[in-house]
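The structure file query_31.txt is reproduced below (compact mmCIF, C-alpha atoms and all ligand atoms).
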```txt
# COMPACT_ATOMS: atom_id res chain seq x y z
CA MET A 1 265.21 141.96 19.07
CA TYR A 2 264.02 142.25 22.60
CA VAL A 3 264.32 139.79 25.46
CA PRO A 4 263.04 140.20 29.02
CA GLU A 5 265.58 141.16 31.65
CA LYS A 6 264.95 138.25 33.98
CA VAL A 7 267.42 135.41 33.47
CA LEU A 8 266.55 131.90 34.66
CA THR A 9 269.70 129.78 34.89
CA ASN A 10 270.06 126.01 34.97
CA ALA A 11 271.38 126.39 38.51
CA GLU A 12 268.07 127.96 39.54
CA LEU A 13 266.14 125.15 37.84
CA GLU A 14 268.22 122.62 39.81
CA LYS A 15 266.61 124.05 42.95
CA ARG A 16 263.07 123.61 41.61
CA ILE A 17 263.11 120.25 39.83
CA ASP A 18 265.12 117.03 39.73
CA THR A 19 267.68 118.03 37.10
CA SER A 20 271.24 119.27 36.77
CA ASP A 21 273.09 121.95 34.87
CA GLU A 22 275.24 119.23 33.35
CA TRP A 23 272.26 117.20 32.07
CA ILE A 24 270.57 120.24 30.53
CA LEU A 25 273.77 121.53 28.94
CA THR A 26 274.87 118.23 27.41
CA ARG A 27 271.38 117.21 26.19
CA THR A 28 270.27 120.61 24.89
CA GLY A 29 273.12 123.17 24.87
CA ILE A 30 271.04 125.53 27.05
CA SER A 31 272.52 127.36 30.07
CA GLU A 32 269.86 129.98 30.68
CA ARG A 33 266.68 131.47 29.30
CA ARG A 34 264.72 134.73 29.71
CA ILE A 35 261.42 134.97 31.55
CA ALA A 36 258.88 137.72 30.86
CA ARG A 37 257.47 139.85 33.67
CA LYS A 38 253.73 139.61 34.33
CA ASP A 39 253.10 142.79 32.37
CA GLU A 40 255.20 141.62 29.40
CA SER A 41 252.96 139.74 26.97
CA SER A 42 253.91 138.72 23.41
CA SER A 43 252.61 142.03 22.05
CA VAL A 44 254.73 144.00 24.53
CA LEU A 45 257.91 142.07 23.63
CA GLY A 46 256.98 142.22 19.95
CA ALA A 47 256.42 145.98 20.02
CA HIS A 48 259.88 146.55 21.50
CA ALA A 49 261.46 144.46 18.72
CA ALA A 50 259.28 146.15 16.09
CA ARG A 51 260.38 149.63 17.14
CA ALA A 52 264.03 148.57 16.95
CA ALA A 53 263.53 147.04 13.48
CA LEU A 54 261.76 150.14 12.14
CA ALA A 55 264.48 152.43 13.52
CA ASP A 56 267.12 150.24 11.91
CA ALA A 57 265.27 150.35 8.58
CA GLY A 58 264.87 154.13 8.81
CA LEU A 59 261.08 153.85 8.61
CA SER A 60 258.31 155.27 10.73
CA PRO A 61 255.38 153.17 11.97
CA SER A 62 253.03 154.89 9.52
CA ASP A 63 255.09 153.48 6.59
CA VAL A 64 254.14 149.91 7.49
CA ASP A 65 251.54 148.27 5.20
CA VAL A 66 251.13 144.96 7.04
CA ILE A 67 252.07 143.65 10.48
CA ILE A 68 252.42 139.90 10.81
CA VAL A 69 253.00 138.49 14.28
CA CYS A 70 254.11 134.86 14.44
CA THR A 71 253.22 133.51 17.86
CA SER A 72 251.81 130.50 19.64
CA THR A 73 251.41 132.48 22.86
CA PRO A 74 249.01 135.24 21.74
CA ASP A 75 247.95 137.85 24.31
CA VAL A 76 244.31 136.69 24.12
CA LEU A 77 242.19 134.42 21.89
CA PHE A 78 241.31 137.47 19.84
CA PRO A 79 241.93 140.17 18.64
CA ALA A 80 245.19 139.15 17.03
CA THR A 81 248.38 140.01 18.90
CA ALA A 82 249.41 141.94 15.76
CA CYS A 83 246.55 144.39 16.43
CA PHE A 84 247.95 145.08 19.91
CA VAL A 85 251.41 145.65 18.44
CA GLN A 86 249.84 148.00 15.91
CA ARG A 87 248.19 149.98 18.70
CA GLU A 88 251.37 150.01 20.74
CA ILE A 89 253.64 151.35 17.98
CA GLY A 90 251.02 153.50 16.20
CA ALA A 91 251.25 151.82 12.78
CA ASN A 92 247.92 153.29 11.79
CA ASN A 93 248.04 152.46 8.08
CA ALA A 94 248.72 148.75 8.47
CA ALA A 95 246.67 145.58 8.23
CA ALA A 96 247.52 143.25 11.11
CA PHE A 97 247.17 139.53 11.71
CA ASP A 98 248.82 136.56 13.44
CA VAL A 99 250.37 133.38 12.09
CA SER A 100 250.15 130.19 14.12
CA ALA A 101 252.87 127.74 13.13
CA VAL A 102 254.61 127.51 16.52
CA CYS A 103 258.40 127.13 16.13
CA SER A 104 258.10 127.26 12.33
CA GLY A 105 256.18 130.54 12.61
CA PHE A 106 258.90 132.87 11.43
CA VAL A 107 259.56 131.05 8.14
CA TYR A 108 255.80 130.65 7.58
CA GLY A 109 255.40 134.42 8.14
CA LEU A 110 258.35 135.09 5.89
CA SER A 111 256.70 133.13 3.09
CA ILE A 112 253.58 135.32 3.38
CA ALA A 113 255.61 138.53 3.48
CA GLU A 114 257.64 137.31 0.50
CA GLN A 115 254.48 136.95 -1.61
CA TYR A 116 253.22 140.42 -0.66
CA ILE A 117 256.54 142.01 -1.58
CA LYS A 118 257.23 140.04 -4.76
CA SER A 119 253.71 140.55 -6.10
CA GLY A 120 254.06 144.29 -5.57
CA ARG A 121 250.95 144.35 -3.38
CA TYR A 122 252.74 145.95 -0.41
CA ARG A 123 255.90 147.99 0.05
CA HIS A 124 256.80 147.46 3.71
CA VAL A 125 255.92 144.38 5.78
CA LEU A 126 256.76 144.24 9.49
CA LEU A 127 257.30 140.61 10.45
CA ILE A 128 257.58 139.75 14.14
CA GLY A 129 258.16 136.57 16.11
CA ALA A 130 257.14 136.98 19.75
CA GLU A 131 256.63 134.43 22.49
CA VAL A 132 256.05 134.12 26.20
CA ASN A 133 256.62 130.37 26.41
CA SER A 134 257.08 130.61 30.18
CA ARG A 135 253.27 131.00 30.44
CA ILE A 136 252.57 127.62 28.79
CA VAL A 137 255.37 125.59 30.32
CA ASP A 138 254.57 123.00 32.98
CA TRP A 139 257.21 123.97 35.55
CA GLU A 140 256.94 120.51 37.11
CA ASP A 141 257.72 118.66 33.89
CA ARG A 142 261.51 118.47 33.79
CA SER A 143 261.59 117.17 30.23
CA THR A 144 260.01 120.33 28.79
CA CYS A 145 260.43 123.22 31.24
CA ILE A 146 264.20 123.28 30.76
CA LEU A 147 263.86 123.91 27.03
CA PHE A 148 261.82 127.06 26.54
CA GLY A 149 262.30 130.80 26.95
CA ASP A 150 260.67 134.15 26.14
CA GLY A 151 261.64 136.84 23.65
CA ALA A 152 260.86 138.62 20.40
CA GLY A 153 262.55 139.51 17.14
CA ALA A 154 261.40 141.55 14.16
CA VAL A 155 262.38 142.32 10.59
CA VAL A 156 261.12 144.75 7.98
CA LEU A 157 260.81 143.48 4.42
CA SER A 158 260.69 146.22 1.80
CA ARG A 159 260.21 146.20 -1.95
CA GLU A 160 262.99 147.75 -4.00
CA GLU A 161 264.21 147.55 -7.57
CA ALA A 162 267.47 145.62 -7.97
CA ASP A 163 269.65 144.38 -10.84
CA ARG A 164 269.63 140.83 -9.57
CA PRO A 165 267.58 138.90 -7.03
CA ARG A 166 268.27 140.04 -3.48
CA GLY A 167 266.58 139.61 -0.15
CA VAL A 168 264.36 136.55 0.27
CA LEU A 169 265.19 134.31 -2.70
CA SER A 170 262.68 131.61 -1.76
CA THR A 171 260.74 130.05 1.09
CA HIS A 172 259.61 126.43 1.39
CA ILE A 173 257.02 125.43 3.98
CA TYR A 174 255.42 122.09 4.86
CA SER A 175 253.23 120.45 7.46
CA ASP A 176 252.07 116.95 8.42
CA GLY A 177 248.99 117.01 10.63
CA THR A 178 249.25 113.28 11.31
CA LEU A 179 252.15 114.19 13.63
CA SER A 180 250.11 116.74 15.60
CA ASP A 181 250.44 114.75 18.84
CA LEU A 182 254.23 115.14 19.00
CA ILE A 183 254.14 118.65 20.50
CA ARG A 184 250.90 120.24 21.60
CA VAL A 185 248.99 122.34 24.09
CA PRO A 186 245.76 120.34 24.42
CA GLY A 187 243.63 123.04 26.06
CA GLY A 188 241.66 125.51 24.00
CA ILE A 189 238.15 126.70 23.40
CA GLY A 190 237.05 125.53 19.96
CA ARG A 191 237.04 121.79 20.61
CA ASP A 192 235.43 121.48 24.02
CA GLY A 193 233.95 124.93 24.51
CA PHE A 194 234.01 126.53 27.93
CA SER A 195 231.96 124.46 30.34
CA GLY A 196 232.25 126.93 33.18
CA GLY A 197 233.73 124.14 35.30
CA ALA A 198 237.19 123.79 36.77
CA ILE A 199 240.04 124.22 34.32
CA ASP A 200 243.01 121.87 34.50
CA PRO A 201 246.03 124.16 34.10
CA ARG A 202 248.15 121.30 32.74
CA GLN A 203 245.90 121.19 29.69
CA TYR A 204 247.24 124.65 28.88
CA CYS A 205 250.87 123.56 28.99
CA ILE A 206 253.25 122.15 26.42
CA HIS A 207 253.10 118.35 26.07
CA MET A 208 255.91 116.86 24.04
CA MET A 209 257.24 113.50 22.92
CA GLY A 210 260.82 114.72 22.98
CA ASN A 211 262.58 111.70 21.59
CA GLN A 212 260.28 111.16 18.60
CA THR A 213 260.29 114.90 17.89
CA PHE A 214 264.07 114.94 17.87
CA LYS A 215 264.30 112.32 15.13
CA VAL A 216 261.75 113.81 12.74
CA ALA A 217 263.04 117.33 13.39
CA VAL A 218 266.54 116.54 12.14
CA LYS A 219 265.40 114.79 8.96
CA ARG A 220 262.73 117.34 7.99
CA MET A 221 264.93 120.37 8.63
CA ALA A 222 267.85 118.89 6.69
CA ASP A 223 265.71 117.76 3.74
CA VAL A 224 263.87 121.07 3.32
CA SER A 225 267.16 122.99 3.61
CA GLN A 226 268.62 120.90 0.77
CA GLU A 227 265.50 121.54 -1.27
CA ALA A 228 265.70 125.30 -0.69
CA LEU A 229 269.34 125.45 -1.80
CA ALA A 230 268.74 123.28 -4.88
CA PHE A 231 265.73 125.43 -5.85
CA ASN A 232 268.11 128.40 -6.12
CA GLY A 233 270.86 126.45 -7.88
CA LEU A 234 273.03 126.70 -4.76
CA SER A 235 274.98 124.15 -2.77
CA THR A 236 276.02 124.07 0.87
CA GLU A 237 279.39 125.60 -0.11
CA ASP A 238 277.51 128.75 -1.17
CA VAL A 239 276.02 129.19 2.31
CA SER A 240 277.71 132.03 4.21
CA LEU A 241 275.71 131.45 7.38
CA MET A 242 273.06 128.99 8.45
CA VAL A 243 270.61 130.40 10.99
CA PRO A 244 268.56 127.45 12.25
CA HIS A 245 265.67 127.41 14.70
CA GLN A 246 267.25 127.16 18.16
CA ALA A 247 265.47 124.12 19.62
CA ASN A 248 268.35 121.93 20.75
CA GLN A 249 272.11 122.17 20.13
CA ARG A 250 272.15 118.48 19.19
CA ILE A 251 269.41 118.99 16.56
CA ILE A 252 271.36 121.93 15.13
CA ASP A 253 274.61 119.90 15.05
CA ALA A 254 272.91 116.90 13.44
CA VAL A 255 271.28 119.07 10.73
CA GLY A 256 274.59 120.82 10.03
CA GLU A 257 276.31 117.43 9.74
CA ARG A 258 273.69 116.04 7.36
CA LEU A 259 273.96 119.13 5.17
CA GLY A 260 277.74 119.29 5.35
CA VAL A 261 277.73 122.86 6.71
CA PRO A 262 280.74 123.31 9.06
CA GLY A 263 280.04 124.46 12.61
CA ASP A 264 281.69 127.85 12.12
CA LYS A 265 279.05 128.65 9.49
CA VAL A 266 276.14 127.91 11.82
CA TYR A 267 274.84 130.64 14.12
CA VAL A 268 273.92 129.36 17.57
CA ASN A 269 272.72 131.32 20.60
CA ILE A 270 270.54 128.65 22.25
CA ASN A 271 272.90 128.73 25.23
CA LYS A 272 271.50 132.12 26.35
CA TYR A 273 267.83 131.92 25.37
CA GLY A 274 266.67 128.29 25.03
CA ASN A 275 263.88 127.68 22.54
CA THR A 276 261.93 130.91 21.97
CA SER A 277 259.72 129.31 19.26
CA ALA A 278 258.77 131.82 16.55
CA ALA A 279 261.15 134.41 18.01
CA SER A 280 264.26 132.26 17.78
CA ILE A 281 265.26 132.95 14.16
CA PRO A 282 264.77 136.74 14.22
CA ILE A 283 266.64 136.95 17.55
CA ALA A 284 269.48 134.85 16.09
CA LEU A 285 269.50 136.96 12.89
CA CYS A 286 269.72 140.15 14.91
CA GLU A 287 272.59 138.89 17.06
CA ALA A 288 274.44 137.43 14.07
CA ARG A 289 274.24 140.78 12.31
CA GLU A 290 275.35 142.71 15.39
CA ALA A 291 278.28 140.31 15.78
CA GLY A 292 279.41 141.15 12.23
CA ARG A 293 278.57 137.68 10.90
CA VAL A 294 276.25 138.93 8.12
CA HIS A 295 277.54 140.95 5.15
CA PRO A 296 276.02 142.27 1.94
CA GLU A 297 275.63 139.51 -0.70
CA ASP A 298 275.95 136.76 1.92
CA VAL A 299 273.73 133.73 1.36
CA LEU A 300 271.77 132.87 4.52
CA LEU A 301 269.97 129.59 5.04
CA LEU A 302 267.15 129.51 7.59
CA GLY A 303 265.63 126.22 8.74
CA VAL A 304 262.75 125.53 11.12
CA VAL A 305 260.66 122.74 12.57
CA GLY A 306 257.82 123.01 15.04
CA ALA A 307 254.53 121.64 16.32
CA GLY A 308 252.01 120.69 13.67
CA LEU A 309 254.27 119.08 12.61
CA THR A 310 255.42 122.07 10.57
CA TRP A 311 258.79 122.71 8.97
CA GLY A 312 260.39 124.94 6.41
CA ALA A 313 263.44 126.72 5.06
CA ALA A 314 264.33 130.01 3.42
CA VAL A 315 267.28 131.25 1.39
CA ILE A 316 268.20 134.94 1.65
CA ARG A 317 270.77 136.94 -0.27
CA TRP A 318 271.52 139.74 2.23
N1 LIG B 401 266.98 116.46 33.90
C1 LIG B 401 267.42 115.21 34.17
N2 LIG B 401 266.91 114.12 33.57
C2 LIG B 401 265.93 114.30 32.67
C3 LIG B 401 265.42 115.58 32.35
C4 LIG B 401 265.99 116.67 33.01
N3 LIG B 401 265.59 117.94 32.76
N4 LIG B 401 264.45 115.43 31.42
C5 LIG B 401 264.34 114.12 31.16
N5 LIG B 401 265.23 113.42 31.92
C6 LIG B 401 265.45 111.98 31.98
C7 LIG B 401 264.23 111.19 31.57
O1 LIG B 401 263.34 111.05 32.65
C8 LIG B 401 264.85 109.88 31.15
O2 LIG B 401 265.11 109.14 32.30
P1 LIG B 401 264.85 107.56 32.30
O3 LIG B 401 265.79 107.00 31.27
O4 LIG B 401 265.21 107.17 33.72
O5 LIG B 401 263.42 107.36 31.96
C9 LIG B 401 266.18 110.29 30.55
O6 LIG B 401 266.44 111.62 31.04
C10 LIG B 401 266.19 110.28 29.06
O7 LIG B 401 265.03 110.95 28.59
P2 LIG B 401 264.81 111.21 27.08
O8 LIG B 401 263.53 111.94 26.90
O9 LIG B 401 265.01 109.96 26.28
O10 LIG B 401 266.06 112.20 26.79
P3 LIG B 401 266.56 112.79 25.45
O11 LIG B 401 267.97 112.49 25.25
O12 LIG B 401 265.62 112.48 24.32
O13 LIG B 401 266.47 114.35 25.74
C11 LIG B 401 265.05 116.21 25.15
C12 LIG B 401 265.22 114.95 26.00
C13 LIG B 401 263.70 116.79 25.43
C14 LIG B 401 266.16 117.16 25.55
C15 LIG B 401 265.22 115.81 23.67
O14 LIG B 401 264.41 114.73 23.36
C16 LIG B 401 264.84 116.94 22.74
O15 LIG B 401 265.43 118.00 22.78
N6 LIG B 401 263.89 116.67 21.83
C17 LIG B 401 263.47 117.67 20.88
C18 LIG B 401 262.53 118.57 21.54
C19 LIG B 401 262.38 119.84 20.82
O16 LIG B 401 263.34 120.47 20.47
N7 LIG B 401 261.14 120.22 20.61
C20 LIG B 401 260.83 121.43 19.98
C21 LIG B 401 260.97 121.27 18.53
S1 LIG B 401 260.57 122.77 17.80
```
Any chance you could put this one into structure tokens?
Ligand code: COA
Amino acid sequence: MYVPEKVLTNAELEKRIDTSDEWILTRTGISERRIARKDESSSVLGAHAARAALADAGLSPSDVDVIIVCTSTPDVLFPATACFVQREIGANNAAAFDVSAVCSGFVYGLSIAEQYIKSGRYRHVLLIGAEVNSRIVDWEDRSTCILFGDGAGAVVLSREEADRPRGVLSTHIYSDGTLSDLIRVPGGIGRDGFSGGAIDPRQYCIHMMGNQTFKVAVKRMADVSQEALAFNGLSTEDVSLMVPHQANQRIIDAVGERLGVPGDKVYVNINKYGNTSAASIPIALCEAREAGRVHPEDVLLLGVVGAGLTWGAAVIRW
């Protein structure tokens, strides 16, 4: 994982907008978030995380067959941010492309990587979640700007022979485009083209119906998590650690309650980073592992929900 050095605390936000540390903490569980420097784009953050993941896996960049970057804050419209990461780390033998599923990005990317590995098509897939949400946040909108942060996380998925299923056991992804208005960045290029006129910066910021999102998020994440466990003949008692998308402490608590997973089996780090969209699960995975919370043979349950509306879950035997 890699997060920018700059920390933005709730206390600092109190000075900029009409809010309080207490409100943010009780409604979201967030105390602080990281903010990228001007020269730190998603590809820069992603490349840092990618190098760390490759070193951890004992691989060199030239071993990588495919680079998938999950991001909703790409460096530019094109080329893909994955191509910039490729250039940055020198993964010269890889194909590279981006996945756009916003906060569900990492599990969407995981489902693609899973197919490449299980089919035998590729040996090593570098999967990255990288976001600079601070660039698309309306810093005058107190209902959204408190939520988001910047960061990146990466994993390497490799094919190996094993006596029994290990690694990613299954992924389950869904979307419902009729809910596309819940969370969105309205500005773009494909719908309206570029008129050459004045651009309204707010069109390039996150718009969100927080309350409605909250309700659907809890139900979808809980339902798909149940489905993922049942698909593998597992129950919530088999889960060693749940690593949910870090959107809101209250969403995480409500999903855990619905599933019957006790709090001590749920990994939470939203307090330090806020919602880092596609980067949140790989950052949480990395910290959970470093904290000694992930052991061989453990069953991990990942759950996500994001704009689209998109949602999904994955079950991993570590
Ligand atoms: N500080 C203080 N007050 C705030 C505030 C802030 N930062 N943001 C909103 N408020 C106010 C609102 O203006 C409203 O005031 P009013 O009653 O006078 O109109 C009040 O708090 C309640 O607003 P509401 O939006 O109903 O609060 P909420 O309990 O739903 O919490 C969110 C707002 C955004 C924290 C919550 O809806 C949420 O987390 N939703 C999910 C969003 C999410 O995770 N999206 C990403 C999914 S991947």
Got a sec: who's within 8 Å of Gly187 (chain A), counting only C-alpha atoms, leaving out chain neighbours fewer than 4 positions off, as a ChimeraX atom specification?
/A:203-205
Residues within 6 Å of region 212-228 of chain A, all atoms listed in the file, excluding chain neighbours under 2 positions, as a ChimeraX atom specification:
/A:209-210,230-231,251,255,303,305,313
Skip Gly105 (chain A) itself and residues of its chain fewer than 5 positions away, then list as a count of residues only all residues within 7 Å of it, counting only C-alpha atoms.
5
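One finds CA of Leu300 (chain A) at 5.7 Å from CA of Val315 (chain A).
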Taking all atoms listed in the file into account, report as a PyMOL selection string which residues have an atom no farther than 7 Å from an atom of ligand LIG 401 (chain B).
chain A and resi 18-20+23-24+27-28+103+142-144+146+210-211+213-214+217+247-248+277+305-307
Atom pair CA of Lys272 (chain A) / CA of Ile252 (chain A): separation (Å):
15.2 Å
Would you list the contacts of Val107 (chain A) as a compact mmCIF listing (two decimals) with C-alpha atoms, keeping the file's coordinate frame, taking every protein, DNA or RNA residue within 7 Å and counting all atoms listed in the file, but skipping same-chain residues closer than 4 positions in sequence?
```txt
# COMPACT_ATOMS: atom_id res chain seq x y z
CA SER A 111 256.70 133.13 3.09
CA GLY A 312 260.39 124.94 6.41
CA ALA A 313 263.44 126.72 5.06
CA ALA A 314 264.33 130.01 3.42
```
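Proximity to Gly109 (chain A) was assessed for A:Arg166, A:Arg121, A:Arg33, A:His172 counting only C-alpha atoms; the smallest distance is recorded for A:His172.
Picture a line from CA of Asp253 (chain A) to CA of Ile270 (chain A); it runs 12.0 Å.
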Taking all atoms listed in the file into account, which of A:His245, A:Lys6, A:His48, A:Lys38 comes nearest Asn275 (chain A)?
A:His245
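Across A:Val85, A:Ile30, A:Val64, A:Val76, the tightest approach to Arg123 (chain A) is made by A:Val64 when counting all atoms listed in the file.
Among the candidates A:Ala96, A:Cys286, A:Ala162, A:Ala279, the residue lying nearest to Asn133 (chain A) is A:Ala279 (atoms considered: only C-alpha atoms).
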Around all listed atoms of region 218-224 of chain A, padded 4 Å per side, what centre and edge lengths does the axis-aligned box have in Å to one decimal, as lines of an AutoDock Vina configuration file?
```
center_x = 265.3
center_y = 117.9
center_z = 7.7
size_x = 13.1
size_y = 14.3
size_z = 16.8
```
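Shortest atom-to-atom contact with Met242 (chain A) among A:Gly190, A:Val294, A:Phe148, A:Gly308: A:Val294, counting only C-alpha atoms.
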